Structure formats: structure tokens, C-alpha cells
>>> print(open('start29.cif').read())   # mmCIF, N, CA and C atoms
data_query
loop_
_atom_site.label_atom_id
_atom_site.label_comp_id
_atom_site.auth_asym_id
_atom_site.auth_seq_id
_atom_site.Cartn_x
_atom_site.Cartn_y
_atom_site.Cartn_z
N SER A 23 -2.58 16.90 -29.93
CA SER A 23 -2.09 15.74 -29.22
C SER A 23 -2.82 15.62 -27.90
N SER A 24 -3.17 14.38 -27.53
CA SER A 24 -3.92 14.15 -26.30
C SER A 24 -3.03 14.11 -25.07
N GLY A 25 -1.72 13.94 -25.25
CA GLY A 25 -0.81 13.84 -24.11
C GLY A 25 -0.72 12.44 -23.55
N ILE A 26 -1.47 11.46 -24.09
CA ILE A 26 -1.42 10.09 -23.60
C ILE A 26 -0.30 9.35 -24.33
N ASN A 27 0.65 8.81 -23.58
CA ASN A 27 1.76 8.06 -24.16
C ASN A 27 1.55 6.57 -24.09
N ALA A 28 0.77 6.10 -23.13
CA ALA A 28 0.50 4.67 -22.99
C ALA A 28 -0.90 4.51 -22.43
N GLU A 29 -1.58 3.49 -22.89
CA GLU A 29 -2.93 3.22 -22.40
C GLU A 29 -3.07 1.73 -22.22
N TRP A 30 -3.45 1.31 -21.01
CA TRP A 30 -3.57 -0.11 -20.69
C TRP A 30 -4.99 -0.39 -20.24
N PRO A 31 -5.72 -1.21 -20.95
CA PRO A 31 -7.09 -1.54 -20.51
C PRO A 31 -7.03 -2.48 -19.31
N LEU A 32 -7.45 -2.01 -18.15
CA LEU A 32 -7.36 -2.79 -16.92
C LEU A 32 -8.73 -3.16 -16.38
N ARG A 33 -9.78 -2.98 -17.16
CA ARG A 33 -11.12 -3.19 -16.65
C ARG A 33 -11.86 -4.32 -17.35
N PRO A 34 -11.27 -5.51 -17.44
CA PRO A 34 -11.98 -6.58 -18.13
C PRO A 34 -13.30 -6.96 -17.47
N GLY A 35 -13.38 -6.81 -16.15
CA GLY A 35 -14.61 -7.15 -15.45
C GLY A 35 -15.43 -5.93 -15.08
N GLY A 36 -15.01 -4.77 -15.50
CA GLY A 36 -15.74 -3.54 -15.20
C GLY A 36 -15.44 -2.97 -13.82
N GLU A 37 -14.41 -3.49 -13.12
CA GLU A 37 -14.09 -2.97 -11.80
C GLU A 37 -13.54 -1.55 -11.90
N SER A 38 -13.72 -0.79 -10.84
CA SER A 38 -13.21 0.58 -10.80
C SER A 38 -11.77 0.60 -10.32
N ILE A 39 -10.98 1.44 -10.91
CA ILE A 39 -9.61 1.67 -10.45
C ILE A 39 -9.68 2.80 -9.44
N THR A 40 -9.21 2.55 -8.22
CA THR A 40 -9.33 3.55 -7.16
C THR A 40 -8.02 4.23 -6.82
N ASN A 41 -6.89 3.70 -7.34
CA ASN A 41 -5.60 4.30 -7.03
C ASN A 41 -4.58 3.80 -8.03
N VAL A 42 -3.75 4.72 -8.53
CA VAL A 42 -2.59 4.36 -9.34
C VAL A 42 -1.41 5.17 -8.86
N CYS A 43 -0.23 4.58 -8.87
CA CYS A 43 0.99 5.30 -8.52
C CYS A 43 2.18 4.58 -9.13
N PHE A 44 3.28 5.27 -9.25
CA PHE A 44 4.51 4.67 -9.74
C PHE A 44 5.22 3.93 -8.62
N SER A 45 5.90 2.86 -8.96
CA SER A 45 6.82 2.24 -8.01
C SER A 45 7.96 3.22 -7.78
N ASN A 46 8.72 3.01 -6.73
CA ASN A 46 9.79 3.96 -6.41
C ASN A 46 10.93 3.95 -7.41
N ASP A 47 11.12 2.83 -8.11
CA ASP A 47 12.15 2.80 -9.16
C ASP A 47 11.64 3.37 -10.48
N ASN A 48 10.37 3.77 -10.52
CA ASN A 48 9.74 4.40 -11.67
C ASN A 48 9.66 3.48 -12.89
N GLN A 49 9.76 2.16 -12.68
CA GLN A 49 9.67 1.20 -13.78
C GLN A 49 8.29 0.57 -13.91
N SER A 50 7.49 0.67 -12.85
CA SER A 50 6.20 -0.01 -12.81
C SER A 50 5.12 0.92 -12.30
N VAL A 51 3.88 0.50 -12.54
CA VAL A 51 2.71 1.22 -12.04
C VAL A 51 1.95 0.27 -11.12
N ILE A 52 1.56 0.77 -9.96
CA ILE A 52 0.77 0.02 -8.99
C ILE A 52 -0.68 0.45 -9.15
N VAL A 53 -1.58 -0.50 -9.37
CA VAL A 53 -2.99 -0.22 -9.64
C VAL A 53 -3.84 -0.95 -8.62
N ASN A 54 -4.69 -0.22 -7.90
CA ASN A 54 -5.61 -0.81 -6.95
C ASN A 54 -7.01 -0.71 -7.52
N SER A 55 -7.75 -1.81 -7.52
CA SER A 55 -9.09 -1.79 -8.11
C SER A 55 -10.07 -2.57 -7.25
N THR A 56 -11.35 -2.36 -7.53
CA THR A 56 -12.42 -2.90 -6.68
C THR A 56 -12.75 -4.37 -6.97
N ASP A 57 -11.83 -5.11 -7.55
CA ASP A 57 -12.02 -6.56 -7.70
C ASP A 57 -11.13 -7.32 -6.71
N ASN A 58 -10.80 -6.68 -5.58
CA ASN A 58 -9.96 -7.27 -4.54
C ASN A 58 -8.57 -7.60 -5.04
N THR A 59 -8.05 -6.80 -5.97
CA THR A 59 -6.74 -7.07 -6.55
C THR A 59 -5.93 -5.79 -6.69
N VAL A 60 -4.66 -5.87 -6.29
CA VAL A 60 -3.67 -4.84 -6.59
C VAL A 60 -2.79 -5.42 -7.68
N ARG A 61 -2.51 -4.63 -8.71
CA ARG A 61 -1.69 -5.12 -9.83
C ARG A 61 -0.42 -4.30 -9.96
N LEU A 62 0.64 -4.97 -10.39
CA LEU A 62 1.90 -4.32 -10.72
C LEU A 62 2.06 -4.45 -12.24
N ILE A 63 2.12 -3.31 -12.92
CA ILE A 63 2.13 -3.26 -14.38
C ILE A 63 3.46 -2.65 -14.84
N ASP A 64 4.09 -3.24 -15.84
CA ASP A 64 5.29 -2.66 -16.42
C ASP A 64 4.92 -1.34 -17.09
N LYS A 65 5.62 -0.28 -16.74
CA LYS A 65 5.29 1.06 -17.23
C LYS A 65 5.45 1.19 -18.74
N THR A 66 6.41 0.50 -19.32
CA THR A 66 6.70 0.64 -20.74
C THR A 66 5.80 -0.24 -21.60
N SER A 67 5.68 -1.52 -21.24
CA SER A 67 4.95 -2.46 -22.09
C SER A 67 3.48 -2.62 -21.71
N GLY A 68 3.11 -2.27 -20.46
CA GLY A 68 1.76 -2.52 -19.98
C GLY A 68 1.53 -3.95 -19.54
N GLN A 69 2.59 -4.77 -19.53
CA GLN A 69 2.49 -6.18 -19.14
C GLN A 69 2.24 -6.30 -17.64
N LEU A 70 1.35 -7.23 -17.27
CA LEU A 70 1.11 -7.53 -15.87
C LEU A 70 2.32 -8.26 -15.31
N LEU A 71 2.95 -7.69 -14.29
CA LEU A 71 4.11 -8.30 -13.66
C LEU A 71 3.72 -9.18 -12.49
N ASN A 72 2.69 -8.76 -11.75
CA ASN A 72 2.23 -9.54 -10.61
C ASN A 72 0.88 -8.98 -10.17
N ASP A 73 0.12 -9.81 -9.48
CA ASP A 73 -1.08 -9.31 -8.82
C ASP A 73 -1.09 -9.80 -7.38
N TYR A 74 -1.77 -9.04 -6.54
CA TYR A 74 -1.75 -9.25 -5.09
C TYR A 74 -3.19 -9.30 -4.60
N THR A 75 -3.54 -10.38 -3.92
CA THR A 75 -4.91 -10.58 -3.47
C THR A 75 -4.92 -11.00 -2.00
N GLY A 76 -6.12 -11.15 -1.46
CA GLY A 76 -6.29 -11.58 -0.08
C GLY A 76 -6.97 -10.51 0.76
N HIS A 77 -6.97 -9.29 0.29
CA HIS A 77 -7.62 -8.20 1.02
C HIS A 77 -9.02 -7.98 0.44
N VAL A 78 -9.84 -7.21 1.15
CA VAL A 78 -11.18 -6.88 0.68
C VAL A 78 -11.16 -5.46 0.15
N HIS A 79 -11.52 -5.32 -1.12
CA HIS A 79 -11.60 -4.01 -1.76
C HIS A 79 -12.66 -4.10 -2.85
N THR A 80 -13.89 -3.70 -2.49
CA THR A 80 -15.00 -3.83 -3.43
C THR A 80 -15.71 -2.52 -3.74
N LYS A 81 -15.52 -1.48 -2.89
CA LYS A 81 -16.30 -0.27 -3.15
C LYS A 81 -15.62 1.04 -2.76
N LEU A 82 -14.71 1.04 -1.83
CA LEU A 82 -14.14 2.28 -1.33
C LEU A 82 -12.94 2.74 -2.16
N GLN A 83 -12.59 3.99 -2.03
CA GLN A 83 -11.39 4.57 -2.64
C GLN A 83 -10.22 4.23 -1.74
N LEU A 84 -9.43 3.21 -2.09
CA LEU A 84 -8.33 2.74 -1.25
C LEU A 84 -7.00 2.91 -1.96
N GLN A 85 -5.96 3.19 -1.19
CA GLN A 85 -4.63 3.39 -1.76
C GLN A 85 -3.78 2.14 -1.66
N ALA A 86 -2.85 2.04 -2.61
CA ALA A 86 -1.80 1.02 -2.59
C ALA A 86 -0.50 1.71 -2.98
N VAL A 87 0.61 1.30 -2.35
CA VAL A 87 1.93 1.89 -2.61
C VAL A 87 2.98 0.79 -2.48
N SER A 88 4.24 1.13 -2.70
CA SER A 88 5.33 0.19 -2.45
C SER A 88 6.24 0.76 -1.37
N TRP A 89 6.97 -0.16 -0.67
CA TRP A 89 7.99 0.31 0.27
C TRP A 89 9.01 1.14 -0.49
N TYR A 90 9.76 1.95 0.22
CA TYR A 90 10.75 2.83 -0.40
C TYR A 90 11.75 2.06 -1.25
N ASP A 91 12.03 0.80 -0.90
CA ASP A 91 13.02 0.00 -1.64
C ASP A 91 12.35 -0.96 -2.63
N ASP A 92 11.06 -0.81 -2.83
CA ASP A 92 10.27 -1.65 -3.74
C ASP A 92 10.33 -3.13 -3.39
N SER A 93 10.52 -3.47 -2.12
CA SER A 93 10.55 -4.87 -1.71
C SER A 93 9.15 -5.43 -1.47
N ALA A 94 8.17 -4.55 -1.32
CA ALA A 94 6.81 -5.01 -1.00
C ALA A 94 5.79 -4.01 -1.52
N ILE A 95 4.57 -4.52 -1.71
CA ILE A 95 3.40 -3.71 -2.06
C ILE A 95 2.52 -3.64 -0.83
N LEU A 96 1.97 -2.47 -0.53
CA LEU A 96 1.12 -2.27 0.62
C LEU A 96 -0.22 -1.71 0.17
N SER A 97 -1.31 -2.15 0.80
CA SER A 97 -2.62 -1.60 0.52
C SER A 97 -3.48 -1.63 1.77
N VAL A 98 -4.29 -0.60 1.93
CA VAL A 98 -5.29 -0.64 2.98
C VAL A 98 -6.45 -1.51 2.49
N CYS A 99 -7.28 -1.94 3.43
CA CYS A 99 -8.33 -2.91 3.15
C CYS A 99 -9.63 -2.43 3.81
N GLU A 100 -10.76 -2.79 3.25
CA GLU A 100 -12.05 -2.39 3.80
C GLU A 100 -12.35 -3.05 5.14
N LYS A 101 -11.52 -3.97 5.60
CA LYS A 101 -11.68 -4.63 6.89
C LYS A 101 -10.72 -4.05 7.94
N SER A 102 -10.31 -2.79 7.77
CA SER A 102 -9.45 -2.07 8.72
C SER A 102 -8.10 -2.76 8.93
N LYS A 103 -7.46 -3.10 7.81
CA LYS A 103 -6.13 -3.71 7.85
C LYS A 103 -5.27 -3.09 6.76
N VAL A 104 -3.96 -3.22 6.95
CA VAL A 104 -3.00 -2.97 5.87
C VAL A 104 -2.42 -4.32 5.50
N PHE A 105 -2.44 -4.63 4.22
CA PHE A 105 -1.80 -5.85 3.72
C PHE A 105 -0.45 -5.48 3.14
N ILE A 106 0.55 -6.29 3.42
CA ILE A 106 1.90 -6.11 2.88
C ILE A 106 2.28 -7.39 2.16
N TRP A 107 2.46 -7.28 0.84
CA TRP A 107 2.80 -8.43 0.01
C TRP A 107 4.26 -8.33 -0.44
N ASP A 108 4.92 -9.47 -0.58
CA ASP A 108 6.24 -9.53 -1.19
C ASP A 108 6.09 -9.12 -2.66
N LEU A 109 6.90 -8.19 -3.11
CA LEU A 109 6.78 -7.68 -4.47
C LEU A 109 6.95 -8.78 -5.51
N ILE A 110 7.96 -9.62 -5.35
CA ILE A 110 8.27 -10.64 -6.35
C ILE A 110 7.36 -11.86 -6.21
N GLY A 111 7.29 -12.44 -5.01
CA GLY A 111 6.54 -13.67 -4.81
C GLY A 111 5.03 -13.48 -4.77
N GLY A 112 4.58 -12.30 -4.33
CA GLY A 112 3.16 -12.00 -4.27
C GLY A 112 2.46 -12.50 -3.01
N GLU A 113 3.18 -13.21 -2.13
CA GLU A 113 2.52 -13.72 -0.92
C GLU A 113 2.41 -12.61 0.13
N VAL A 114 1.39 -12.75 0.99
CA VAL A 114 1.20 -11.80 2.09
C VAL A 114 2.33 -12.01 3.09
N LYS A 115 3.12 -10.95 3.34
CA LYS A 115 4.20 -11.01 4.30
C LYS A 115 3.72 -10.65 5.70
N GLN A 116 2.75 -9.72 5.75
CA GLN A 116 2.31 -9.21 7.05
C GLN A 116 0.98 -8.49 6.86
N THR A 117 0.17 -8.49 7.90
CA THR A 117 -1.01 -7.62 7.95
C THR A 117 -0.93 -6.80 9.23
N LEU A 118 -1.39 -5.58 9.15
CA LEU A 118 -1.44 -4.68 10.30
C LEU A 118 -2.90 -4.40 10.61
N GLU A 119 -3.31 -4.59 11.85
CA GLU A 119 -4.67 -4.30 12.29
C GLU A 119 -4.77 -2.80 12.58
N LEU A 120 -5.65 -2.12 11.88
CA LEU A 120 -5.83 -0.69 12.08
C LEU A 120 -6.86 -0.44 13.18
N PRO A 121 -6.71 0.67 13.92
CA PRO A 121 -7.68 0.98 14.96
C PRO A 121 -9.05 1.36 14.39
N ALA A 122 -9.08 1.83 13.14
CA ALA A 122 -10.33 2.21 12.48
C ALA A 122 -10.10 2.13 10.97
N LEU A 123 -11.18 2.18 10.21
CA LEU A 123 -11.08 2.10 8.76
C LEU A 123 -10.21 3.22 8.22
N SER A 124 -9.27 2.88 7.38
CA SER A 124 -8.38 3.84 6.75
C SER A 124 -8.46 3.67 5.25
N GLN A 125 -8.43 4.78 4.52
CA GLN A 125 -8.44 4.72 3.07
C GLN A 125 -7.14 5.23 2.48
N THR A 126 -6.27 5.74 3.32
CA THR A 126 -5.06 6.36 2.81
C THR A 126 -3.83 5.86 3.56
N LEU A 127 -2.71 5.82 2.84
CA LEU A 127 -1.44 5.46 3.47
C LEU A 127 -0.30 6.11 2.71
N SER A 128 0.82 6.23 3.39
CA SER A 128 2.01 6.83 2.80
C SER A 128 3.23 6.17 3.44
N VAL A 129 4.26 5.91 2.63
CA VAL A 129 5.48 5.30 3.17
C VAL A 129 6.59 6.34 3.26
N HIS A 130 7.49 6.12 4.21
CA HIS A 130 8.65 6.98 4.39
C HIS A 130 9.58 6.79 3.19
N PRO A 131 10.26 7.84 2.73
CA PRO A 131 11.11 7.71 1.53
C PRO A 131 12.38 6.89 1.72
N SER A 132 12.79 6.58 2.97
CA SER A 132 14.03 5.83 3.13
C SER A 132 14.03 4.86 4.32
N ARG A 133 12.86 4.60 4.90
CA ARG A 133 12.76 3.70 6.06
C ARG A 133 11.49 2.87 5.95
N TYR A 134 11.45 1.79 6.74
CA TYR A 134 10.25 0.95 6.80
C TYR A 134 9.26 1.57 7.79
N GLN A 135 8.74 2.72 7.44
CA GLN A 135 7.76 3.42 8.25
C GLN A 135 6.57 3.76 7.37
N LEU A 136 5.38 3.69 7.97
CA LEU A 136 4.14 3.83 7.25
C LEU A 136 3.20 4.75 8.02
N LEU A 137 2.55 5.66 7.31
CA LEU A 137 1.50 6.49 7.90
C LEU A 137 0.16 6.04 7.35
N THR A 138 -0.84 5.92 8.23
CA THR A 138 -2.22 5.72 7.80
C THR A 138 -3.06 6.80 8.47
N GLY A 139 -4.10 7.22 7.79
CA GLY A 139 -5.05 8.17 8.35
C GLY A 139 -6.41 7.51 8.33
N ASP A 140 -7.14 7.56 9.44
CA ASP A 140 -8.40 6.81 9.48
C ASP A 140 -9.62 7.71 9.65
N ILE A 141 -10.79 7.10 9.53
CA ILE A 141 -12.03 7.86 9.54
C ILE A 141 -12.37 8.44 10.91
N SER A 142 -11.65 8.02 11.96
CA SER A 142 -11.90 8.57 13.29
C SER A 142 -11.07 9.84 13.52
N GLY A 143 -10.27 10.25 12.52
CA GLY A 143 -9.45 11.44 12.67
C GLY A 143 -8.07 11.18 13.24
N GLN A 144 -7.66 9.91 13.27
CA GLN A 144 -6.35 9.55 13.80
C GLN A 144 -5.33 9.41 12.67
N ILE A 145 -4.11 9.85 12.93
CA ILE A 145 -2.97 9.58 12.07
C ILE A 145 -2.13 8.54 12.78
N ASN A 146 -1.84 7.44 12.11
CA ASN A 146 -1.12 6.34 12.73
C ASN A 146 0.24 6.17 12.07
N LEU A 147 1.30 6.17 12.86
CA LEU A 147 2.65 5.93 12.38
C LEU A 147 3.04 4.51 12.75
N TRP A 148 3.36 3.71 11.75
CA TRP A 148 3.78 2.33 11.94
C TRP A 148 5.27 2.24 11.67
N ILE A 149 6.00 1.68 12.62
CA ILE A 149 7.44 1.49 12.47
C ILE A 149 7.71 0.00 12.52
N THR A 150 8.26 -0.55 11.44
CA THR A 150 8.48 -1.99 11.37
C THR A 150 9.96 -2.29 11.22
N LYS A 151 10.28 -3.57 11.25
CA LYS A 151 11.64 -4.08 11.06
C LYS A 151 12.62 -3.53 12.09
N GLY A 152 12.16 -3.25 13.31
CA GLY A 152 13.05 -2.88 14.39
C GLY A 152 13.68 -1.51 14.26
N GLU A 153 13.08 -0.61 13.51
CA GLU A 153 13.69 0.70 13.31
C GLU A 153 13.71 1.56 14.58
N ARG A 154 12.72 1.41 15.44
CA ARG A 154 12.70 2.21 16.67
C ARG A 154 13.60 1.60 17.72
N ASN A 155 13.63 0.29 17.81
CA ASN A 155 14.38 -0.40 18.84
C ASN A 155 15.18 -1.53 18.19
N PRO A 156 16.49 -1.43 18.17
CA PRO A 156 17.30 -2.45 17.51
C PRO A 156 17.12 -3.86 18.06
N GLU A 157 16.60 -3.99 19.30
CA GLU A 157 16.38 -5.32 19.85
C GLU A 157 15.12 -5.99 19.33
N LYS A 158 14.25 -5.25 18.67
CA LYS A 158 13.05 -5.85 18.11
C LYS A 158 13.41 -6.86 17.05
N GLN A 159 12.61 -7.89 16.94
CA GLN A 159 12.83 -8.92 15.94
C GLN A 159 12.31 -8.45 14.58
N GLU A 160 12.85 -9.01 13.51
CA GLU A 160 12.40 -8.74 12.16
C GLU A 160 10.89 -8.92 12.08
N GLY A 161 10.20 -7.95 11.51
CA GLY A 161 8.76 -8.07 11.32
C GLY A 161 7.94 -7.55 12.48
N GLU A 162 8.54 -7.35 13.66
CA GLU A 162 7.77 -6.78 14.76
C GLU A 162 7.43 -5.34 14.39
N LYS A 163 6.38 -4.83 15.00
CA LYS A 163 5.94 -3.49 14.67
C LYS A 163 5.53 -2.73 15.92
N SER A 164 5.57 -1.43 15.82
CA SER A 164 5.03 -0.59 16.88
C SER A 164 4.22 0.50 16.20
N MET A 165 3.38 1.17 16.95
CA MET A 165 2.50 2.16 16.36
C MET A 165 2.37 3.35 17.31
N SER A 166 2.35 4.54 16.74
CA SER A 166 2.04 5.76 17.48
C SER A 166 0.79 6.35 16.85
N MET A 167 -0.03 7.02 17.66
CA MET A 167 -1.25 7.63 17.13
C MET A 167 -1.32 9.10 17.54
N TRP A 168 -1.81 9.92 16.62
CA TRP A 168 -2.08 11.33 16.92
C TRP A 168 -3.47 11.67 16.42
N ALA A 169 -4.15 12.50 17.16
CA ALA A 169 -5.46 13.01 16.71
C ALA A 169 -5.20 14.28 15.91
N LEU A 170 -6.05 14.50 14.91
CA LEU A 170 -5.95 15.76 14.18
C LEU A 170 -6.30 16.90 15.11
N PRO A 171 -5.53 18.00 15.07
CA PRO A 171 -5.85 19.13 15.95
C PRO A 171 -7.15 19.81 15.49
N PRO A 172 -7.90 20.39 16.43
CA PRO A 172 -9.13 21.08 16.04
C PRO A 172 -8.81 22.30 15.19
N ARG A 173 -9.75 22.70 14.38
CA ARG A 173 -9.57 23.89 13.52
C ARG A 173 -9.65 25.15 14.30
#
>>> encode(input="start29.cif", output="C-alpha cells")
Amino acid sequence: SSGINAEWPLRPGGESITNVCFSNDNQSVIVNSTDNTVRLIDKTSGQLLNDYTGHVHTKLQLQAVSWYDDSAILSVCEKSKVFIWDLIGGEVKQTLELPALSQTLSVHPSRYQLLTGDISGQINLWITKGERNPEKQEGEKSMSMWALPPR
């Protein structure tokens, strides 16, 4: 047995898949590929549920994930941004300007917080939706930065 339970051909144009991960509800697969598209695929049927565009992704190994509550899809971009799309509607809800090119991101398991790591050696913590300060308006964001410690 090969151990493969499902196989979905996602390369009609020959683009490379640079990241795959499960949605937090474990019902879907998030696929990032070098045709400037992030796709949401049903885990059981392989059916395309939605695609997300507007960012630049043509050659680098870039990550895409979902918020902890699966309300949005997030991806880093080759233009030093994070794109945040509405999971259902597919429209861009927000973009975050990164201080430097980042290829990796991670979301907090129970809050609207995001970590990015960039090529300059910085780790960036993004806190959105007023989590740090209750007086902040919906969608406002703040950022903290740390440098990697020397070896």
C-alpha cells in the first residue's frame, strides 16, 4: 500500500505547490501555488471550494494558513505583504505591510495574532482586531519586532 488516501491534481498549468496545510476545522486543505493563487480544497472530495488572488506568488516558497476560527485565509506575498482574505467571500479583507520579505507565517491557536519571520532576521508579531487595546477599532493592527539572538 502506498499510504495515499486521496490525490488531487492541482497543476493544470504546471505551477509549483509551495505550501499545503489543513484548515483548523480539518475539513479543508489550503494550497499555495506559484500561479498567484491560494486554493481551499474540500479534504474528502477534492472539490475546489474557493480561490484567493491579488497577491504576487510566482517563484518563492511561501506559506498560507487560516485564522484559528477559519474566518480568513492568510498568505505572505513576494511584495513584502501579508494578504488576508475572507474565507467564504474570497475578497481581500486586509493587507499588512511587512518590514522585509517574509516567506513564513504562523497564527495563534485562539486569537487574531500572527507571527511572520523575515529575511532580515526579524520575527514580527501582529496583533489585530483590538486584542492588545480594547479601544482599538476593528481591523486596526499593531506590530512588535524582535531580532533573532546571535548564536
>>> atom_distance(input="start29.cif", atom1="CA of Gly139 (chain A)", atom2="CA of Phe105 (chain A)")
15.1 Å
>>> closest_residue(input="start29.cif", among="A:Ile149, A:Val104, A:Ile52, A:Val129", to="Thr117 (chain A)", atoms="all atoms listed in the file")
A:Val104
>>> residues_around(input="start29.cif", residues="Arg61 (chain A)", least_positions_apart="2", cutoff="6 Å", atoms="all atoms listed in the file", output="VMD selection string")
chain A and resid 51 to 54 59 63 72 to 74
>>> atom_distance(input="start29.cif", atom1="atom N of Leu137 (chain A)", atom2="atom C of Gln69 (chain A)")
27.7 Å
>>> resolve_selection(input="start29.cif", expression="the PyMOL selection byres ((chain A and resi 46) around 7)", output="PyMOL selection string")
chain A and resi 44-45+47-50+88-92
>>> resolve_selection(input="start29.cif", expression="the PyMOL selection byres ((chain A and resi 41) around 8)", output="list in words")
Ser38, Ile39, Thr40, Val42, Cys43, Ile52, Val53, Asn54, Ser55, Thr56, Gln83, Leu84, Gln85 and Ala86 of chain A
>>> atom_distance(input="start29.cif", atom1="CA of Ile145 (chain A)", atom2="CA of His77 (chain A)")
21.4 Å
>>> residues_near_point(input="start29.cif", point="(-4.9, 2.5, 0.6)", cutoff="6 Å", atoms="only N, CA and C atoms", output="list of chain:residue names")
A:Leu84, A:Gln85, A:Ala86, A:Ser97, A:Val98, A:Cys99, A:Ser124, A:Gln125, A:Thr126, A:Leu127
>>> residues_near_point(input="start29.cif", point="(-8.4, -6.8, -4.8)", cutoff="5 Å", atoms="only N, CA and C atoms", output="list of chain:residue names")
A:Asp57, A:Asn58, A:Thr59, A:Val60
>>> closest_residue(input="start29.cif", among="A:Ala94, A:Val114, A:Leu109, A:Ala122", to="Thr75 (chain A)", atoms="all atoms listed in the file")
A:Val114
>>> build_atoms(input="start29.cif", residues="region 44-60 of chain A", atoms="N, CA, C and O atoms", output="PDB file, in the frame of the given file")
ATOM      1  N   PHE A  44       3.280   5.270  -9.250  1.00  0.00           N
ATOM      2  CA  PHE A  44       4.510   4.670  -9.740  1.00  0.00           C
ATOM      3  C   PHE A  44       5.220   3.930  -8.620  1.00  0.00           C
ATOM      4  O   PHE A  44       5.156   4.357  -7.458  1.00  0.00           O
ATOM      5  N   SER A  45       5.900   2.860  -8.960  1.00  0.00           N
ATOM      6  CA  SER A  45       6.820   2.240  -8.010  1.00  0.00           C
ATOM      7  C   SER A  45       7.960   3.220  -7.780  1.00  0.00           C
ATOM      8  O   SER A  45       8.158   4.163  -8.548  1.00  0.00           O
ATOM      9  N   ASN A  46       8.720   3.010  -6.730  1.00  0.00           N
ATOM     10  CA  ASN A  46       9.790   3.960  -6.410  1.00  0.00           C
ATOM     11  C   ASN A  46      10.930   3.950  -7.410  1.00  0.00           C
ATOM     12  O   ASN A  46      11.631   4.943  -7.564  1.00  0.00           O
ATOM     13  N   ASP A  47      11.120   2.830  -8.110  1.00  0.00           N
ATOM     14  CA  ASP A  47      12.150   2.800  -9.160  1.00  0.00           C
ATOM     15  C   ASP A  47      11.640   3.370 -10.480  1.00  0.00           C
ATOM     16  O   ASP A  47      12.363   3.430 -11.460  1.00  0.00           O
ATOM     17  N   ASN A  48      10.370   3.770 -10.520  1.00  0.00           N
ATOM     18  CA  ASN A  48       9.740   4.400 -11.670  1.00  0.00           C
ATOM     19  C   ASN A  48       9.660   3.480 -12.890  1.00  0.00           C
ATOM     20  O   ASN A  48       9.481   3.935 -14.004  1.00  0.00           O
ATOM     21  N   GLN A  49       9.760   2.160 -12.680  1.00  0.00           N
ATOM     22  CA  GLN A  49       9.670   1.200 -13.780  1.00  0.00           C
ATOM     23  C   GLN A  49       8.290   0.570 -13.910  1.00  0.00           C
ATOM     24  O   GLN A  49       7.983  -0.008 -14.947  1.00  0.00           O
ATOM     25  N   SER A  50       7.490   0.670 -12.850  1.00  0.00           N
ATOM     26  CA  SER A  50       6.200  -0.010 -12.810  1.00  0.00           C
ATOM     27  C   SER A  50       5.120   0.920 -12.300  1.00  0.00           C
ATOM     28  O   SER A  50       5.397   1.961 -11.710  1.00  0.00           O
ATOM     29  N   VAL A  51       3.880   0.500 -12.540  1.00  0.00           N
ATOM     30  CA  VAL A  51       2.710   1.220 -12.040  1.00  0.00           C
ATOM     31  C   VAL A  51       1.950   0.270 -11.120  1.00  0.00           C
ATOM     32  O   VAL A  51       1.736  -0.896 -11.456  1.00  0.00           O
ATOM     33  N   ILE A  52       1.560   0.770  -9.960  1.00  0.00           N
ATOM     34  CA  ILE A  52       0.770   0.020  -8.990  1.00  0.00           C
ATOM     35  C   ILE A  52      -0.680   0.450  -9.150  1.00  0.00           C
ATOM     36  O   ILE A  52      -0.977   1.656  -9.110  1.00  0.00           O
ATOM     37  N   VAL A  53      -1.580  -0.500  -9.370  1.00  0.00           N
ATOM     38  CA  VAL A  53      -2.990  -0.220  -9.640  1.00  0.00           C
ATOM     39  C   VAL A  53      -3.840  -0.950  -8.620  1.00  0.00           C
ATOM     40  O   VAL A  53      -3.735  -2.169  -8.476  1.00  0.00           O
ATOM     41  N   ASN A  54      -4.690  -0.220  -7.900  1.00  0.00           N
ATOM     42  CA  ASN A  54      -5.610  -0.810  -6.950  1.00  0.00           C
ATOM     43  C   ASN A  54      -7.010  -0.710  -7.520  1.00  0.00           C
ATOM     44  O   ASN A  54      -7.418   0.359  -7.982  1.00  0.00           O
ATOM     45  N   SER A  55      -7.750  -1.810  -7.520  1.00  0.00           N
ATOM     46  CA  SER A  55      -9.090  -1.790  -8.110  1.00  0.00           C
ATOM     47  C   SER A  55     -10.070  -2.570  -7.250  1.00  0.00           C
ATOM     48  O   SER A  55      -9.681  -3.343  -6.369  1.00  0.00           O
ATOM     49  N   THR A  56     -11.350  -2.360  -7.530  1.00  0.00           N
ATOM     50  CA  THR A  56     -12.420  -2.900  -6.680  1.00  0.00           C
ATOM     51  C   THR A  56     -12.750  -4.370  -6.970  1.00  0.00           C
ATOM     52  O   THR A  56     -13.826  -4.828  -6.617  1.00  0.00           O
ATOM     53  N   ASP A  57     -11.830  -5.110  -7.550  1.00  0.00           N
ATOM     54  CA  ASP A  57     -12.020  -6.560  -7.700  1.00  0.00           C
ATOM     55  C   ASP A  57     -11.130  -7.320  -6.710  1.00  0.00           C
ATOM     56  O   ASP A  57     -10.745  -8.449  -6.958  1.00  0.00           O
ATOM     57  N   ASN A  58     -10.800  -6.680  -5.580  1.00  0.00           N
ATOM     58  CA  ASN A  58      -9.960  -7.270  -4.540  1.00  0.00           C
ATOM     59  C   ASN A  58      -8.570  -7.600  -5.040  1.00  0.00           C
ATOM     60  O   ASN A  58      -7.934  -8.551  -4.575  1.00  0.00           O
ATOM     61  N   THR A  59      -8.050  -6.800  -5.970  1.00  0.00           N
ATOM     62  CA  THR A  59      -6.740  -7.070  -6.550  1.00  0.00           C
ATOM     63  C   THR A  59      -5.930  -5.790  -6.690  1.00  0.00           C
ATOM     64  O   THR A  59      -6.441  -4.772  -7.127  1.00  0.00           O
ATOM     65  N   VAL A  60      -4.660  -5.870  -6.290  1.00  0.00           N
ATOM     66  CA  VAL A  60      -3.670  -4.840  -6.590  1.00  0.00           C
ATOM     67  C   VAL A  60      -2.790  -5.420  -7.680  1.00  0.00           C
ATOM     68  O   VAL A  60      -2.389  -6.583  -7.607  1.00  0.00           O
TER      69      VAL A  60
END
